[in-house]
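Taking it in order: structure first as structure tokens, then the write-up.
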Amino acid sequence: MKKLILSAIFLLFGFQWAISQEVKFSGNIETLWGAGAPWTDKDTARGRMTLGETSFTGKIDSYFGKSSALVEGSARYDSIEDSQEFSVDECWLDYTSDFWGLRIGRQKTAWGKADGIDITNVICPKDLSSLAVMTTNEKCAIDAVRFSVNGNQFTADAYWIPFFTPAKLSDAKFEKPESKLSNGEGGLKLSGYFSVLDFSFYGFYGWDDMPFLDYTMSAEGVNVTGEYKRMAMLGIDAAVPIKETVLRMEAAFFPKRHFQKSSGIIIEEKMLSAGKGSCSSAESSLERNELFALAGLDWMREGWTFTAQYYCDYVLGELENLEREKALQQGATLSVSKKLLSDTLELSFSGVLGLNDFDSFIKPAVTYSLSDQINLSGGAYIFIPGPDRDGQYGSYKDLSSGYARCKFSF
Amino acid sequence: MKKTIFTLSAFLMGAGVFAQSLTGYEIMKKADEVPEPVTSSSTATLTIHTKKGSDRKREVIMKSKDYGDVKKEVIVFVTPKDVSGTGYLMFEYEEDSNGNKKDSDNWLYMPAMKKTRRIASSGSESDGSFMGTDFTYRDMGDRNLNDYDYKLLGEESVDGTECYKVECVAKDKTEKDPRYISYIAKSDFILRKCELFDRQNQLHRVLTCTNFTTIKGFTTAQRMKMENVQSGTWSLFETANIVYDGGDIDDSMLTVAALEKGRIR
């Protein structure tokens with residue numbers, strides 16, 4: 001009898017739990033194929049497959065009242081490299097009350113109001129592991145604790161990131177700083193939302209997510225190693241709606257940021273040190289103050305979306321011995337899209353123009369929603385060198401590709 | 001059309017007491033003044049019927065709270081799955097005593113980018129299609145009473161309900177459908193039907209409101225169909241799980257933080 005009562009209680013509570021706690025499973029399957037454009041190098045790129053990725057992403061989202069949890073993972077197969085990759089993209093638990101919240105675990109977040117250009121968006125590292133993710137400004141997750149205080153018009157988010165995650169690179173891995181409490185990262189974001197404007201202040205102290213290359217000589221030749229350096233950032237952004245447009249601004253100051261020294265200088269300094277019989281102690285970087293700013297404009301009307309941005313990045317102090325050649329680097333972006341056929345067809349064009357070398361990267365695309373589940377798209381990634389020098393984007397000219405993508409969402 | 005479709009346009013109150021002497025403006029003002037609940041929570045399914053005969057569905061969660069001078073509303077997509085979690089937060093301001101209305105405040109949260117974006121006042125997009133449907137953003141939001149001239153054309157029955165037939169002509173001739181005829185029920189001043197005419201004064205779209213239900217004294221059309229008679233397409237807006245003044249919406253839910261943290265479920 002006792003067993004029966006206990007079973008009944010378990011059934012009752014089990015039933016209540018089942019109806020009150022929601023668990024949702026969703027995800028997508030995606031295939032992306034691409035080939036080198038006709039104008040790329042005929043011996044190394046033209047007509048060769050540059051993209052061959054099939055992926056599955058699954059997400060389980062569970063919530064009960066103010067508590068929730070999410071896990072998102074993906075499996076990818078690269079047909080070109082014949083390689084597979086499994087990753088935990090996010091995995092966190094969250095408690096959010098009316099006034100405060102806590103999120104613990106592997107999570108993604110984004111800072112700033114810029115589109116496709118990272119100014120204050122330094123908290124999650126870049127994913128540069130493939131052409132496909134590079135062109136979408138994809139980010140990696142961070143293992144962090146986020147504590148939030150939420151008001152009606154203000155929010156504050158404080159992050160503690162005990163484990164450093166560097167940018168994900170396609171073919172290189174460098175030693176990370178030792179995992180210890182003093183090597184953690186921290187971030188703070190304060191935001192306000194008002195009729196006249198939205199604004200945020202940012203503070204970050206952590207590691208630059210890109211490695212600094214060091215060169216050492218040995219009997220076999222030159223060995224390349226990489227190390228990560230500390231970085232701090234203070235930033236601000238604002239979005240101001242003006243009738244049919246929104247004006248966006250963002251700026252960041254990086255005090256004493258490390259900048260890569262040129263390889264020739266590093267090797268020369270090491271050879272000099274070796275000649276004098278001293279230990280090779282040459283640094284791979286020099287510290288300089290850096291200012292980064294952006295202004296942009298959005299306009300939307302009857303299915304048209306238009307976005308234009310100007311950005312500039314200025315390094316204070318001498319550039320001698322640095323890899324970087326110009327103190328001021330600047331560029332502009334443009335994005336135009338139009339939705340047609342009851343929003344089932346989208347034509348888009350986006351591009352960035354480097355104003356130092358007049359090189360550019362443009363992305364024309366067509367996306368068609370075949371059904372509520374299946375999206376088909378086609379387009380191109382086009383890297384165009386400048387008239388005199390390849391420039392930042394032009395240096396990828398032989399990666400210019402046409403692509404086709406299909407995605408099933410469930 | 002003043003009562004928003006988003007808030008399910010039709011609310012019961014103020015039966016037609018002064019029926020005989022009302023002008024077109026007075027009828028529309030009464031329709032505008034039909035009481036609404038302070039808070040509203042519901043789910044909705046939007047069916048988009050294409051010219052070829054296929055149907056697309058969008059499911060959303062909607063919550064709103066009226067603060068008197070401002071109405072805060074949030075819509076979060078449930079399906080299609082590739083945009084699930086995308087949320088709009090809108091603050092719509094009331095007209096002041098001079099008939100002026102402050103631009104709405106709008107935010108869009110995109111879960112794939114983990115970012116909330118400030119978007120321009122809904123006025124800029126007002127004649128654009130709402131989520132690919134035959135409804136426009138203007139249909140979904142409040143129309144300013146003072147932006148139109150009104151003329152009572154007569155009386156007509158809509159599905160057995162006696163209605164006032166009021167012509168509304170936009171003062172701003174650049175509107176996509178600058179003239180529309182509203183059929184306002186004589187009994188409760190709730191919209192039953194609306195015919196919208198394009199700039200060439202040709203009938204463009206027809207809205208019909210059906211499946212009325214009364215919850216806590218507020219009458220609501222649960223089914224609204226907008227037919228584009230020129231293109232042959234139609235969109236159906238069906239609401240369910242309606243809760244009025246249920247105490248389930250606190251101020252912190254109608255914020256950017258709530259959107260970003262996925263609190264709208």
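Chain lettering (A, B, ...) mirrors the order of the structure tokens, residue numbering begins at 1 for each chain separately, and ligand numbering begins at 1 in order of display.
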**OP:** Step one, run DSSP on the backbone; step two, keep only residues of segment 5-184 of chain B assigned to alpha helix (DSSP H); then write them as a ChimeraX atom specification.
**Re:** /B:24-32,137-140
C-alpha atoms of the current selection, written as a PDB file, in the first residue's frame:
```
ATOM      1  CA  GLY B  24     -18.223  60.424 -38.596  1.00  0.00           C
ATOM      2  CA  TYR B  25     -15.573  61.943 -36.333  1.00  0.00           C
ATOM      3  CA  GLU B  26     -17.611  61.276 -33.186  1.00  0.00           C
ATOM      4  CA  ILE B  27     -18.111  57.639 -34.144  1.00  0.00           C
ATOM      5  CA  MET B  28     -14.389  57.132 -34.739  1.00  0.00           C
ATOM      6  CA  LYS B  29     -13.606  58.971 -31.501  1.00  0.00           C
ATOM      7  CA  LYS B  30     -15.920  56.631 -29.613  1.00  0.00           C
ATOM      8  CA  ALA B  31     -14.250  53.648 -31.292  1.00  0.00           C
ATOM      9  CA  ASP B  32     -10.924  55.153 -30.256  1.00  0.00           C
ATOM     10  CA  TYR B 137       2.933  48.239 -39.708  1.00  0.00           C
ATOM     11  CA  ARG B 138       0.375  51.049 -39.809  1.00  0.00           C
ATOM     12  CA  ASP B 139      -2.428  48.481 -39.522  1.00  0.00           C
ATOM     13  CA  MET B 140      -0.716  46.969 -36.484  1.00  0.00           C
TER      14      MET B 140
END
```
Subject >> Distance query Leu152 of chain B at most 12 Å, only C-alpha atoms, self and fewer than 3 positions along chain excluded, as a PyMOL selection string >> reply: chain B and resi 19-28+149+155-156+163-169+181-184
Original post:
Which of segment 2-245 of chain B counts as strand (DSSP E or B) under DSSP, as a PyMOL selection string please?
Top reply: chain B and resi 39-49+55-66+70-79+87-93+95+101+105-110+115-119+129+136+148-158+161-170+179-185+191-197+203-215+218-228+233-244
For chain B versus chain A, which residues have an atom no more than 6 Å away, and what is each residue's nearest atom pair and distance in Å rounded to one decimal, using only C-alpha atoms, chain-then-number order, as a Markdown table?
```
| residue | atom | partner | partner_atom | distance |
| --- | --- | --- | --- | --- |
| B:Pro80 | CA | A:Asp372 | CA | 5.7 |
| B:Lys81 | CA | A:Phe410 | CA | 5.7 |
| B:Asp82 | CA | A:Ser409 | CA | 5.6 |
| B:Asp105 | CA | A:Ser195 | CA | 5.9 |
| B:Lys114 | CA | A:Thr109 | CA | 5.6 |
| B:Ala120 | CA | A:Glu244 | CA | 5.4 |
| B:Ser124 | CA | A:Glu244 | CA | 4.8 |
| B:Glu125 | CA | A:Arg301 | CA | 4.8 |
| B:Gly128 | CA | A:Glu302 | CA | 3.9 |
| B:Gly132 | CA | A:Ser342 | CA | 4.1 |
| B:Ser252 | CA | A:Asp98 | CA | 5.7 |
| B:Thr255 | CA | A:Asn152 | CA | 6.0 |
```
For segment 38-150 of chain A versus segment 166-182 of chain A, which residues have an atom no more than 6 Å away, and what is each residue's nearest atom pair and distance in Å rounded to one decimal, using only C-alpha atoms, chain-then-number order, as a Markdown table?
```
| residue | atom | partner | partner_atom | distance |
| --- | --- | --- | --- | --- |
| A:Pro125 | CA | A:Ala167 | CA | 4.8 |
| A:Lys126 | CA | A:Ala167 | CA | 4.8 |
| A:Asp127 | CA | A:Lys168 | CA | 4.7 |
| A:Leu128 | CA | A:Leu169 | CA | 5.0 |
| A:Ser129 | CA | A:Ser170 | CA | 3.8 |
```
Would you save the residues from that selection as a CSV table (one decimal), in the first residue's frame, using C-alpha atoms?
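out_27.csv, freshly written:
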```
chain,number,residue,atom,x,y,z
A,125,PRO,CA,36.9,36.0,-29.3
A,126,LYS,CA,36.8,35.9,-33.1
A,127,ASP,CA,36.3,32.7,-35.0
A,128,LEU,CA,38.7,32.8,-38.0
A,129,SER,CA,38.8,29.1,-38.5
```
**OP:** Considering only C-alpha atoms, return as a VMD selection string whatever protein or nucleic-acid residues lie within 10 Å of Asn146 of chain B, sequence-local ones (same chain, fewer than 6 positions apart) excluded.
**Re:** chain B and resid 25 29 95 98 to 101 170 to 171
Could those residues be written to a file, using C-alpha atoms, as a PDB file, in the first residue's frame?
```
ATOM      1  CA  TYR B  25     -15.573  61.943 -36.333  1.00  0.00           C
ATOM      2  CA  LYS B  29     -13.606  58.971 -31.501  1.00  0.00           C
ATOM      3  CA  GLU B  95      -1.578  61.620 -28.582  1.00  0.00           C
ATOM      4  CA  ASN B  98      -3.044  69.088 -29.195  1.00  0.00           C
ATOM      5  CA  GLY B  99      -3.289  65.934 -31.273  1.00  0.00           C
ATOM      6  CA  ASN B 100       0.480  65.517 -31.509  1.00  0.00           C
ATOM      7  CA  LYS B 101       2.048  62.151 -31.002  1.00  0.00           C
ATOM      8  CA  ALA B 170      -5.799  60.676 -44.702  1.00  0.00           C
ATOM      9  CA  LYS B 171      -4.603  64.277 -44.533  1.00  0.00           C
TER      10      LYS B 171
END
```
**OP:** Would you please work out which residue, of B:Tyr180, B:Tyr150, B:Phe189, B:Phe91, is nearest to Asp103 of chain B when using only C-alpha atoms?
**Re:** B:Phe91
Original post:
Smallest atom-to-atom distance to Glu81 of chain A: which of A:Glu53, A:Arg324, A:Ser400, A:Trp33, using only C-alpha atoms?
Top reply: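 For Glu81 of chain A, the nearest of the candidates is A:Glu53.
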**OP:** Compile the contact shell of Trp92 of chain A as a list of chain:residue names: residues with an atom at most 7 Å away, counting only C-alpha atoms, same-chain residues fewer than 3 positions apart removed.
**Re:**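 The contact residues come out as A:Ala69, A:Leu70, A:Val71, A:Arg103, A:Ile104, A:Gly105, A:Arg106, A:Gln107.
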Print the selection's residues with C-alpha atoms to a file, as a short mmCIF file (atom, residue, chain, number, x, y, z; two decimals), in the first residue's frame.
```
data_model
loop_
_atom_site.label_atom_id
_atom_site.label_comp_id
_atom_site.auth_asym_id
_atom_site.auth_seq_id
_atom_site.Cartn_x
_atom_site.Cartn_y
_atom_site.Cartn_z
CA ALA A 69 19.38 26.36 -18.91
CA LEU A 70 20.62 25.98 -22.44
CA VAL A 71 23.00 23.70 -24.23
CA ARG A 103 24.33 33.22 -15.86
CA ILE A 104 27.08 30.67 -15.34
CA GLY A 105 28.82 28.57 -17.97
CA ARG A 106 29.86 28.65 -21.58
CA GLN A 107 28.04 31.55 -23.18
#
```
**OP:** Compile the contact shell of Arg146 of chain A as a PyMOL selection string: residues with an atom at most 6 Å away, counting only C-alpha atoms, same-chain residues fewer than 3 positions apart removed.
**Re:** chain A and resi 102-103+158-159
Subject >> Shortest interatomic distance to Tyr314 of chain A - which of A:Ala251, A:Met271, A:Ala365, A:Met210, counting only C-alpha atoms >> reply: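 So, comparing all the options, the nearest one is A:Ala251.
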**OP:** Can you work out which one of B:Ser97, B:Ser54, B:Thr208, B:Ser41 has the shortest atom-to-atom distance to Ile75 of chain B, counting only C-alpha atoms?
**Re:**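 Nearest to Ile75 of chain B: B:Ser41.
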Original post:
Given the choices A:Phe253, A:Phe86, A:Ser62, A:Ser273, which gets closest to Gly262 of chain B if the distance is worked out from only C-alpha atoms?
Top reply: A:Ser62
**OP:** List the neighbours of Glu287 of chain A out to 8 Å using only C-alpha atoms; skip same-chain residues closer than 2 positions along the sequence, and give me the result as an MDAnalysis selection string.
**Re:** chainID A and resid 256:259 285 289
